[in-house]
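Have a look at work.cif below; it lists mmCIF, C-alpha atoms.
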```
data_protein
loop_
_atom_site.label_atom_id
_atom_site.label_comp_id
_atom_site.auth_asym_id
_atom_site.auth_seq_id
_atom_site.Cartn_x
_atom_site.Cartn_y
_atom_site.Cartn_z
CA MET A 2 138.15 -183.47 63.98
CA LYS A 3 140.58 -181.23 62.17
CA ASN A 4 138.14 -180.93 59.23
CA LYS A 5 135.41 -179.87 61.67
CA TYR A 6 137.52 -177.03 63.08
CA LYS A 7 138.69 -176.12 59.60
CA LYS A 8 135.09 -175.77 58.39
CA LEU A 9 134.20 -173.73 61.45
CA PHE A 10 137.20 -171.47 60.88
CA PHE A 11 136.26 -170.80 57.25
CA PHE A 12 132.64 -170.23 58.27
CA LEU A 13 133.71 -167.63 60.83
CA ILE A 14 136.05 -165.94 58.35
CA THR A 15 133.28 -165.82 55.73
CA PHE A 16 130.80 -164.47 58.28
CA VAL A 17 133.21 -161.74 59.37
CA ILE A 18 133.96 -160.74 55.76
CA VAL A 19 130.27 -160.64 54.80
CA PHE A 20 129.35 -158.78 58.00
CA ALA A 21 132.19 -156.30 57.55
CA GLY A 22 131.33 -155.81 53.87
CA THR A 23 127.67 -155.23 54.68
CA ALA A 24 128.57 -152.80 57.45
CA LEU A 25 130.90 -150.88 55.13
CA ALA A 26 128.22 -150.78 52.42
CA VAL A 27 125.70 -149.41 54.92
CA LEU A 28 128.19 -146.80 56.15
CA TYR A 29 129.04 -145.86 52.56
CA ALA A 30 125.35 -145.50 51.70
CA GLN A 31 124.97 -143.24 54.73
CA GLY A 32 127.74 -141.01 53.46
CA ILE A 33 130.43 -142.12 55.90
CA ARG A 34 133.96 -142.28 54.48
CA PHE A 35 137.34 -143.30 55.84
CA ASN A 36 139.70 -140.35 56.28
CA SER A 37 143.19 -141.67 55.54
CA LYS A 38 144.82 -138.50 56.87
CA GLY A 39 143.02 -138.33 60.17
CA LYS A 40 142.54 -142.13 60.25
CA SER A 41 138.92 -141.67 61.17
CA LEU A 42 135.41 -142.21 59.80
CA ASP A 43 133.89 -138.94 58.59
CA GLU A 44 130.26 -138.20 57.79
CA THR A 45 129.96 -136.77 54.28
CA GLY A 46 127.26 -135.27 52.08
CA MET A 47 126.33 -135.09 48.45
CA MET A 48 125.57 -132.48 45.79
CA ALA A 49 123.14 -133.16 42.94
CA PHE A 50 123.75 -130.85 39.96
CA SER A 51 121.26 -129.88 37.27
CA SER A 52 121.15 -127.10 34.71
CA ALA A 53 118.99 -125.76 31.92
CA PRO A 54 120.27 -126.49 29.37
CA THR A 55 122.07 -129.66 30.48
CA GLY A 56 125.62 -130.67 29.63
CA ALA A 57 127.38 -127.93 31.60
CA GLN A 58 130.79 -128.58 33.15
CA VAL A 59 130.70 -128.46 36.94
CA TYR A 60 133.71 -127.06 38.79
CA VAL A 61 133.91 -127.53 42.55
CA ASP A 62 136.48 -125.27 44.23
CA GLY A 63 138.08 -124.71 40.83
CA LYS A 64 138.34 -128.40 39.88
CA LEU A 65 136.36 -129.95 37.03
CA SER A 66 134.32 -132.59 38.83
CA THR A 67 131.40 -133.70 36.62
CA ILE A 68 128.82 -132.48 34.11
CA THR A 69 125.12 -131.77 34.48
CA ASN A 70 122.88 -133.50 35.22
CA ASN A 71 124.91 -135.58 37.68
CA SER A 72 125.95 -135.78 41.32
CA LEU A 73 129.00 -135.93 43.57
CA GLN A 74 129.19 -138.10 46.68
CA GLY A 75 131.57 -138.28 49.62
CA LEU A 76 131.93 -134.51 50.13
CA LEU A 77 133.09 -133.32 53.51
CA PRO A 78 130.61 -130.97 55.21
CA LYS A 79 131.73 -127.41 54.41
CA GLU A 80 131.20 -124.55 51.98
CA TYR A 81 132.19 -125.11 48.35
CA LEU A 82 132.42 -122.75 45.38
CA VAL A 83 130.41 -124.33 42.56
CA GLU A 84 130.67 -123.09 38.98
CA MET A 85 128.80 -124.31 35.92
CA LYS A 86 130.23 -123.54 32.51
CA LYS A 87 128.90 -124.19 29.03
CA GLU A 88 130.13 -122.75 25.74
CA GLY A 89 128.01 -119.79 24.67
CA TYR A 90 126.51 -119.23 28.13
CA VAL A 91 127.30 -116.94 31.06
CA THR A 92 129.22 -118.76 33.79
CA TRP A 93 127.04 -119.56 36.80
CA SER A 94 128.57 -119.62 40.28
CA LYS A 95 127.43 -119.98 43.87
CA LYS A 96 128.79 -120.85 47.30
CA VAL A 97 127.07 -124.04 48.41
CA ASN A 98 127.07 -125.69 51.82
CA VAL A 99 127.25 -129.47 52.12
CA PHE A 100 125.74 -131.12 55.20
CA PRO A 101 126.39 -134.59 56.71
CA LYS A 102 124.25 -137.41 55.27
CA MET A 103 122.22 -134.95 53.17
CA VAL A 104 121.84 -134.18 49.47
CA THR A 105 122.10 -130.53 48.44
CA ASP A 106 120.41 -129.76 45.12
CA VAL A 107 122.33 -127.28 42.98
CA THR A 108 120.22 -126.04 40.08
CA SER A 109 121.19 -123.38 37.55
CA LEU A 110 119.50 -121.51 34.74
CA LEU A 111 122.25 -120.85 32.21
CA ILE A 112 121.78 -117.59 30.29
CA SER A 113 122.98 -117.20 26.73
CA LYS A 114 125.81 -114.69 26.25
CA THR A 115 123.99 -113.44 23.15
CA PRO A 116 120.23 -113.61 23.77
CA ARG A 117 118.41 -113.80 20.45
CA LEU A 118 115.48 -111.53 19.56
CA ASP A 119 112.57 -113.05 17.64
CA PRO A 120 109.59 -110.91 16.51
CA ILE A 121 106.24 -112.22 17.73
CA THR A 122 104.03 -109.50 16.21
CA ASN A 123 104.50 -107.26 13.19
CA SER A 124 101.46 -104.97 13.10
CA GLY A 125 102.39 -102.62 15.95
CA ILE A 126 100.83 -103.22 19.37
CA TYR A 127 100.15 -101.29 22.57
CA ILE A 128 99.35 -101.83 26.28
CA PRO A 129 100.06 -105.60 26.38
CA THR A 130 98.46 -107.03 29.54
CA ILE A 131 98.93 -110.60 30.78
CA SER A 132 96.10 -112.69 32.21
CA ASN A 133 96.07 -113.80 35.86
CA THR A 134 97.09 -117.33 34.88
CA GLY A 135 99.88 -116.06 32.64
CA SER A 136 98.44 -118.02 29.71
CA GLN A 137 97.26 -115.12 27.50
CA ILE A 138 98.21 -111.57 26.60
CA ALA A 139 95.64 -108.97 25.55
CA TYR A 140 96.73 -105.89 23.61
CA THR A 141 95.55 -103.24 21.19
CA THR A 142 96.69 -102.73 17.63
CA LYS A 143 96.13 -99.88 15.16
CA ASP A 144 96.74 -102.18 12.20
CA ASN A 145 95.02 -100.70 9.12
CA LYS A 146 93.33 -103.97 8.22
CA LYS A 147 91.94 -105.00 11.61
CA PRO A 148 92.49 -102.41 14.35
CA GLY A 149 91.13 -103.44 17.73
CA ILE A 150 91.78 -105.60 20.80
CA TRP A 151 93.51 -108.94 20.34
CA VAL A 152 94.51 -111.84 22.58
CA MET A 153 97.64 -113.93 22.15
CA PRO A 154 97.44 -117.38 23.77
CA PHE A 155 100.51 -119.20 25.02
CA GLY A 156 101.32 -122.78 24.14
CA ASN A 157 103.23 -125.09 26.46
CA ASP A 158 106.47 -124.16 24.75
CA GLY A 159 105.93 -120.42 24.21
CA PRO A 160 103.65 -117.89 22.54
CA VAL A 161 101.63 -118.48 19.41
CA ASN A 162 103.37 -116.74 16.52
CA LEU A 163 100.96 -114.05 15.40
CA PHE A 164 102.33 -114.11 11.87
CA ARG A 165 100.29 -117.34 11.61
CA ALA A 166 97.46 -116.94 14.16
CA LYS A 167 95.68 -113.71 15.08
CA PRO A 168 92.72 -114.20 17.43
CA TYR A 169 90.87 -110.91 17.86
CA LEU A 170 88.17 -110.03 20.42
CA VAL A 171 86.69 -106.80 19.13
CA LEU A 172 87.50 -104.47 16.25
CA ASP A 173 87.05 -100.75 15.84
CA ASP A 174 83.58 -99.66 14.72
CA ILE A 175 81.41 -96.56 14.70
CA SER A 176 80.52 -96.96 18.40
CA TYR A 177 83.89 -97.84 19.90
CA LYS A 178 87.41 -97.13 18.75
CA VAL A 179 88.97 -99.82 20.93
CA SER A 180 92.39 -99.59 19.28
CA ASP A 181 92.90 -96.30 21.17
CA ALA A 182 92.18 -97.91 24.56
CA LYS A 183 94.22 -96.58 27.49
CA GLU A 184 93.97 -99.57 29.82
CA ILE A 185 93.03 -103.27 29.82
CA ILE A 186 92.19 -105.14 33.05
CA TRP A 187 91.57 -108.90 33.26
CA SER A 188 88.77 -110.23 35.46
CA PRO A 189 89.86 -112.61 38.29
CA ASP A 190 88.69 -115.65 36.29
CA ASP A 191 90.22 -114.35 33.03
CA GLN A 192 86.81 -114.58 31.33
CA GLU A 193 86.38 -110.84 30.73
CA LEU A 194 88.36 -107.70 30.00
CA LEU A 195 87.47 -104.27 31.36
CA VAL A 196 88.66 -101.78 28.74
CA LYS A 197 89.08 -98.05 29.34
CA LEU A 198 88.78 -96.18 26.06
CA ALA A 199 90.49 -92.91 25.11
CA ASN A 200 87.32 -90.93 25.95
CA ASN A 201 87.27 -92.64 29.41
CA GLN A 202 84.28 -94.75 28.41
CA LEU A 203 84.35 -98.30 29.86
CA ILE A 204 83.36 -101.53 28.13
CA LEU A 205 83.41 -105.22 29.07
CA VAL A 206 84.72 -107.63 26.46
CA PRO A 207 84.61 -111.46 26.78
CA SER A 208 88.07 -113.00 26.46
CA ASP A 209 86.75 -116.02 24.57
CA GLY A 210 87.56 -115.60 20.87
CA ALA A 211 84.37 -117.51 20.02
CA LEU A 212 82.43 -114.51 21.35
CA ALA A 213 84.43 -111.98 19.33
CA GLY A 214 82.68 -108.71 18.72
CA GLN A 215 80.47 -108.71 21.80
CA VAL A 216 80.76 -105.49 23.81
CA LEU A 217 78.95 -104.44 26.98
CA PRO A 218 79.13 -100.72 27.90
CA ILE A 219 79.75 -100.08 31.62
CA SER A 220 78.51 -96.98 33.42
CA ASP A 221 80.09 -97.74 36.81
CA GLY A 222 83.57 -99.17 36.38
CA ASP A 223 84.40 -98.69 40.06
CA SER A 224 81.69 -101.18 41.04
CA VAL A 225 83.07 -103.77 38.63
CA LEU A 226 86.62 -103.31 39.88
CA SER A 227 85.44 -103.40 43.51
CA ALA A 228 83.59 -106.67 42.92
CA TRP A 229 86.64 -108.16 41.20
CA GLU A 230 88.92 -107.05 44.04
CA THR A 231 86.55 -108.63 46.59
CA GLU A 232 86.61 -111.87 44.61
CA ARG A 233 90.42 -111.82 44.54
CA LYS A 234 90.59 -111.21 48.31
CA ILE A 235 88.27 -114.14 49.04
CA LYS A 236 90.31 -116.47 46.87
CA ARG A 237 93.60 -115.21 48.33
CA LYS A 238 92.35 -115.56 51.92
CA ALA A 239 91.20 -119.14 51.30
CA PHE A 240 94.55 -119.94 49.71
CA ILE A 241 96.65 -118.36 52.48
CA GLU A 242 94.68 -120.13 55.22
CA LYS A 243 95.93 -123.43 53.80
CA LYS A 244 99.55 -122.28 54.01
CA LEU A 245 101.78 -122.46 57.10
CA ILE A 246 102.67 -118.77 57.31
CA GLU A 247 104.24 -117.29 60.42
CA SER A 248 102.25 -114.50 62.03
CA GLU A 249 104.91 -111.82 61.51
CA VAL A 250 104.79 -112.17 57.71
CA LYS A 251 101.06 -112.77 57.28
CA PRO A 252 100.36 -109.07 56.62
CA ALA A 253 102.90 -109.19 53.80
CA ALA A 254 101.41 -112.42 52.43
CA THR A 255 97.93 -110.89 52.26
CA ASN A 256 99.03 -107.54 50.82
CA LYS A 257 97.64 -107.10 47.29
CA GLU A 258 101.03 -105.79 46.11
CA THR A 259 102.77 -109.01 47.17
CA LEU A 260 103.90 -111.11 44.20
CA TRP A 261 103.34 -114.86 44.48
CA SER A 262 105.42 -117.29 42.45
CA PRO A 263 103.71 -119.33 39.71
CA ASP A 264 103.95 -122.49 41.86
CA GLU A 265 102.50 -120.49 44.82
CA ASP A 266 105.21 -121.70 47.22
CA LEU A 267 107.08 -118.38 47.46
CA PHE A 268 106.14 -114.73 47.65
CA LEU A 269 108.05 -111.50 47.13
CA TYR A 270 107.45 -108.67 49.59
CA THR A 271 109.13 -105.36 50.42
CA LYS A 272 110.46 -103.65 53.51
CA LYS A 273 110.56 -99.89 53.07
CA PHE A 274 112.90 -97.63 55.00
CA GLU A 275 113.61 -93.90 54.84
CA THR A 276 116.14 -94.10 52.03
CA LEU A 277 116.10 -97.77 50.98
CA THR A 278 113.72 -100.49 49.85
CA GLU A 279 114.48 -104.16 50.54
CA TYR A 280 113.00 -107.00 48.49
CA HIS A 281 112.58 -110.30 50.32
CA ILE A 282 111.52 -113.78 49.24
CA TYR A 283 109.60 -115.89 51.75
CA ASN A 284 109.76 -119.63 51.04
CA LEU A 285 106.80 -121.83 52.04
CA THR A 286 108.09 -124.99 50.37
CA GLN A 287 107.56 -128.05 52.58
CA PRO A 288 110.01 -129.41 53.44
CA LEU A 289 112.40 -126.52 52.93
CA PRO A 290 115.14 -127.58 50.45
CA ILE A 291 118.55 -128.34 51.98
CA GLY A 292 120.65 -125.20 52.34
CA GLU A 293 117.83 -122.75 51.55
CA LYS A 294 116.51 -120.05 53.87
CA LYS A 295 112.94 -119.37 54.89
CA ASP A 296 113.44 -115.66 54.25
CA SER A 297 116.01 -114.35 51.75
CA LEU A 298 117.01 -110.80 50.91
CA VAL A 299 117.05 -110.56 47.12
CA LEU A 300 118.15 -106.96 46.59
CA THR A 301 118.31 -103.52 48.18
CA VAL A 302 117.76 -100.35 46.16
CA LYS A 303 117.66 -96.63 46.84
CA LYS A 304 114.24 -95.11 47.32
CA GLY A 305 112.96 -93.87 43.99
CA GLU A 306 115.04 -96.38 42.00
CA GLU A 307 112.81 -99.41 42.53
CA PRO A 308 112.64 -101.72 39.50
CA MET A 309 109.58 -103.43 38.06
CA ILE A 310 109.68 -107.05 39.22
CA PHE A 311 108.07 -110.16 37.72
CA TRP A 312 108.34 -113.87 38.46
CA HIS A 313 110.07 -116.14 35.97
CA SER A 314 107.92 -119.15 35.10
CA ASP A 315 110.26 -121.58 36.92
CA SER A 316 109.50 -119.93 40.31
CA LYS A 317 113.26 -119.89 41.00
CA HIS A 318 114.11 -116.56 39.37
CA LEU A 319 112.88 -112.98 39.23
CA ILE A 320 112.85 -110.69 36.21
CA LEU A 321 113.92 -107.11 36.93
CA VAL A 322 113.06 -104.21 34.64
CA GLU A 323 114.93 -100.98 35.35
CA VAL A 324 114.05 -97.62 33.82
CA ASN A 325 117.17 -95.97 32.43
CA ASP A 326 115.44 -93.01 30.74
CA LEU A 327 111.67 -92.70 31.06
CA GLU A 328 111.35 -89.89 28.53
CA LYS A 329 113.31 -91.77 25.88
CA LYS A 330 111.69 -95.08 26.88
CA LEU A 331 114.98 -96.79 27.59
CA GLY A 332 115.37 -99.62 30.05
CA SER A 333 117.13 -102.87 30.86
CA ILE A 334 115.97 -106.39 31.73
CA SER A 335 117.83 -108.72 34.10
CA ILE A 336 117.26 -112.14 35.63
CA VAL A 337 118.24 -112.91 39.23
CA GLU A 338 117.85 -115.93 41.49
CA THR A 339 115.52 -115.81 44.49
CA ASP A 340 118.49 -115.53 46.85
CA GLY A 341 119.87 -112.54 44.93
CA GLY A 342 122.64 -114.47 43.18
CA ASN A 343 123.71 -114.69 39.53
CA ARG A 344 122.08 -111.48 38.34
CA THR A 345 122.43 -111.31 34.55
CA GLU A 346 121.36 -108.57 32.15
CA ILE A 347 119.61 -109.97 29.06
CA PHE A 348 118.45 -106.79 27.31
CA SER A 349 119.16 -103.07 27.27
CA GLY A 350 117.49 -100.62 24.92
CA SER A 351 114.12 -99.28 23.86
CA LEU A 352 111.14 -100.40 25.96
CA PHE A 353 107.67 -99.10 25.14
CA SER A 354 106.25 -100.89 28.15
CA PHE A 355 108.06 -101.76 31.35
CA ASP A 356 105.91 -104.88 31.74
CA VAL A 357 107.56 -108.07 30.47
CA PHE A 358 106.21 -111.59 30.17
CA PRO A 359 108.02 -114.94 30.57
CA THR A 360 106.91 -117.79 28.32
CA PRO A 361 105.57 -120.90 30.11
CA ASP A 362 108.66 -122.94 29.23
CA GLY A 363 110.94 -120.23 30.64
CA GLY A 364 113.05 -120.07 27.50
CA SER A 365 112.06 -116.54 26.49
CA ILE A 366 110.97 -113.20 27.91
CA LEU A 367 108.51 -111.14 25.86
CA ALA A 368 109.11 -107.38 25.71
CA LEU A 369 107.53 -104.50 23.81
CA THR A 370 110.24 -102.77 21.82
CA SER A 371 111.20 -101.28 18.47
CA PHE A 372 114.53 -101.00 16.69
CA ASN A 373 113.42 -98.21 14.39
CA PRO A 374 112.40 -94.84 15.89
CA LYS A 375 109.88 -94.38 13.07
CA SER A 376 108.19 -97.76 13.42
CA GLU A 377 105.55 -98.90 15.90
CA PRO A 378 106.52 -101.16 18.82
CA ASN A 379 106.03 -104.92 18.63
CA LEU A 380 106.41 -107.87 20.94
CA TYR A 381 109.77 -109.61 20.73
CA ALA A 382 110.81 -112.84 22.40
CA ILE A 383 114.21 -112.51 24.10
CA GLY A 384 115.61 -116.03 23.97
CA ILE A 385 117.74 -116.64 27.05
CA ARG A 386 118.86 -120.20 26.30
#
```
Show how you would write the structure in this file as structure tokens.
Amino acid sequence: MKNKYKKLFFFLITFVIVFAGTALAVLYAQGIRFNSKGKSLDETGMMAFSSAPTGAQVYVDGKLSTITNNSLQGLLPKEYLVEMKKEGYVTWSKKVNVFPKMVTDVTSLLISKTPRLDPITNSGIYIPTISNTGSQIAYTTKDNKKPGIWVMPFGNDGPVNLFRAKPYLVLDDISYKVSDAKEIIWSPDDQELLVKLANNQLILVPSDGALAGQVLPISDGDSVLSAWETERKIKRKAFIEKKLIESEVKPAATNKETLWSPDEDLFLYTKKFETLTEYHIYNLTQPLPIGEKKDSLVLTVKKGEEPMIFWHSDSKHLILVEVNDLEKKLGSISIVETDGGNRTEIFSGSLFSFDVFPTPDGGSILALTSFNPKSEPNLYAIGIR
């Protein structure tokens, strides 16, 4: 009889231990922790850290906590100051909110303290113009050997180095001196280029290098541009109709000056006032990432001091180009996050064009510059990591 009760006792003890252990494991998995000070069970959250490049030290409220890419669990819901530090890179910092039973992603793009400059062209180029897909750049060159219009394709990890590959579309001849072109416009499908020559004559050039040398003179450029704009509007309307956009921002979403991110989940729009211009990011990501806003103010500038703005290829940053001296062609290039944080200058100096181009991998920004007043401008890759 005693053995029977003894077995029952041990069974009950084992059951209670297993049940309690399972319950604690479930509570732990749900982010619930025991607060020894308050002697209570508190709901906690988690932060998942990542950086490009990886291997950065992560400080939370001034304390070294982990390295990227990694995560921290059991954090009480509140605001934390997160810093990511890596030797040779600018320190990244942001105030991050942690929420009960949720994971907050904290992602940083670490910028080199000494961005490198690598020449991409060496023959002197002008009016670089990127395609709609961001996969090619067309430009003119007055190179003595082969002056004309050229196209530089991008690879998955950056631009083709034109010291090795030089795909041209059309070269100067008796009929057309295309190297003196004033403007290049890509068609909506990136299959053609509308080129405005120095004498205001217009020609159509196929962007396919296999059709190099083919030129079609255009008598009515306005009709071509109008047809292209209509095609863009139709495509944009069909795209926007698939998005869940609130009525009050739909006019901004459909405005042709609105800049859409490469992943097409965010768009940049402006609010103009008497003396100021505001730049806002509207986020259509579904579901909205933890801790992020639907509408974020990126920056506010005085009227007349608006920068040129371009999307970084990661769709998480903007590239700002500010004109310091238009006559002397001086400017600066900065990178800023879509919430306006961690603005970092990566270049300041001569800029022969205030258009810049991020490489597909996001590791470089292409800019047209020259370091010798007597030499022609060339494309340089500004390596940011």
Tell me which residues the PyMOL selection byres ((chain A and resi 364-371) around 9) grabs here, as a CSV table (one decimal) with C-alpha atoms, in the frame of the given file.
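Contents of selection16.csv, as written:
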```
chain,number,residue,atom,x,y,z
A,121,ILE,CA,106.2,-112.2,17.7
A,126,ILE,CA,100.8,-103.2,19.4
A,127,TYR,CA,100.2,-101.3,22.6
A,128,ILE,CA,99.4,-101.8,26.3
A,129,PRO,CA,100.1,-105.6,26.4
A,158,ASP,CA,106.5,-124.2,24.8
A,159,GLY,CA,105.9,-120.4,24.2
A,160,PRO,CA,103.6,-117.9,22.5
A,313,HIS,CA,110.1,-116.1,36.0
A,320,ILE,CA,112.8,-110.7,36.2
A,350,GLY,CA,117.5,-100.6,24.9
A,351,SER,CA,114.1,-99.3,23.9
A,352,LEU,CA,111.1,-100.4,26.0
A,353,PHE,CA,107.7,-99.1,25.1
A,354,SER,CA,106.2,-100.9,28.2
A,355,PHE,CA,108.1,-101.8,31.4
A,356,ASP,CA,105.9,-104.9,31.7
A,357,VAL,CA,107.6,-108.1,30.5
A,358,PHE,CA,106.2,-111.6,30.2
A,359,PRO,CA,108.0,-114.9,30.6
A,360,THR,CA,106.9,-117.8,28.3
A,361,PRO,CA,105.6,-120.9,30.1
A,362,ASP,CA,108.7,-122.9,29.2
A,363,GLY,CA,110.9,-120.2,30.6
A,372,PHE,CA,114.5,-101.0,16.7
A,373,ASN,CA,113.4,-98.2,14.4
A,374,PRO,CA,112.4,-94.8,15.9
A,375,LYS,CA,109.9,-94.4,13.1
A,376,SER,CA,108.2,-97.8,13.4
A,377,GLU,CA,105.6,-98.9,15.9
A,378,PRO,CA,106.5,-101.2,18.8
A,379,ASN,CA,106.0,-104.9,18.6
A,380,LEU,CA,106.4,-107.9,20.9
A,381,TYR,CA,109.8,-109.6,20.7
A,382,ALA,CA,110.8,-112.8,22.4
A,383,ILE,CA,114.2,-112.5,24.1
A,384,GLY,CA,115.6,-116.0,24.0
A,385,ILE,CA,117.7,-116.6,27.0
A,386,ARG,CA,118.9,-120.2,26.3
```
*If you apply the PyMOL selection byres ((chain A and resi 103) around 10) to this file, what residues do you get, as a PyMOL selection string?*
chain A and resi 31-32+44-48+78+99-102+104-106+291-292
_Distance in Å - CA of Ser180 (chain A) versus CA of Thr141 (chain A)_ =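 Those two atoms sit 5.2 Å apart.
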If you count all atoms listed in the file, which residues fall within 10 Å of Lys257 (chain A), apart from same-chain ones fewer than 5 positions away, as a tab-separated table (two decimals) with C-alpha atoms, keeping the file's coordinate frame?
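Below you can see part.tsv, which holds the result:
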```tsv
chain	number	residue	atom	x	y	z
A	230	GLU	CA	88.92	-107.05	44.04
A	233	ARG	CA	90.42	-111.82	44.54
A	234	LYS	CA	90.59	-111.21	48.31
A	237	ARG	CA	93.60	-115.21	48.33
A	252	PRO	CA	100.36	-109.07	56.62
```
*What is the CA of Leu82 (chain A) to CA of Ser262 (chain A) distance in Å?*
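Computed distance, CA of Leu82 (chain A) to CA of Ser262 (chain A), equals 27.7 Å.
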_One number please: CA of Lys295 (chain A) to CA of Ile282 (chain A), in Å, one decimal._
8.1 Å
*Evaluate the PyMOL selection byres ((chain A and resi 268) around 7) and record the selected residues as a PyMOL selection string, following the chain and residue labels used in the document.*
chain A and resi 259-262+267+269-270+282-284
*Within 12 Å of Lys95 (chain A), counting all atoms listed in the file, which residues show up once you throw out same-chain ones fewer than 4 positions away? Write them as a PyMOL selection string, please.*
chain A and resi 59-62+80-85+107-109+338+340-344
*Between A:Glu275, A:Glu328, A:Glu293, A:Glu258, which has the minimum distance to Lys96 (chain A) (counting only C-alpha atoms)?*
A:Glu293
*From the list A:Gly135, A:Gly75, A:Pro263, A:Pro148, which residue is nearest Lys317 (chain A) when using all atoms listed in the file?*
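Among the listed residues, the smallest separation from Lys317 (chain A) belongs to A:Pro263.
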*Counting all atoms listed in the file, what is within 9 Å of Ile68 (chain A), bar same-chain residues fewer than 4 positions away, as a list in words?*
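Skipping anything fewer than 4 positions along the chain leaves Phe50, Ser51, Thr55, Gly56, Ala57, Gln58, Val59, Tyr60, Ser72 and Met85 of chain A.
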_Excluding Lys236 (chain A) and its own-chain neighbours fewer than 5 positions away, which residues fall within 12 Å of it when counting all atoms listed in the file? Please give them as a ChimeraX atom specification._
/A:189-190,229-231,241-243,255,257
*Find the residues near Asp173 (chain A): any atom within 6 Å, counting all atoms listed in the file, skip ones fewer than 2 places away on the same chain, and give them as a ChimeraX atom specification.*
/A:148-149,177-179
*May I ask which of the residues A:Gly63, A:Lys147, A:Leu203, A:Val97 is the closest one to Leu76 (chain A), counting all atoms listed in the file?*
A:Val97
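Shortest atom-to-atom contact with Asp326 (chain A) among A:Ala239, A:Leu245, A:Ser349, A:Asp221: A:Ser349, counting all atoms listed in the file.
If you measure from each of A:Trp187, A:Ser136, A:Gly89, A:Pro218 to Asn201 (chain A) using all atoms listed in the file, the closest one turns out to be A:Pro218.
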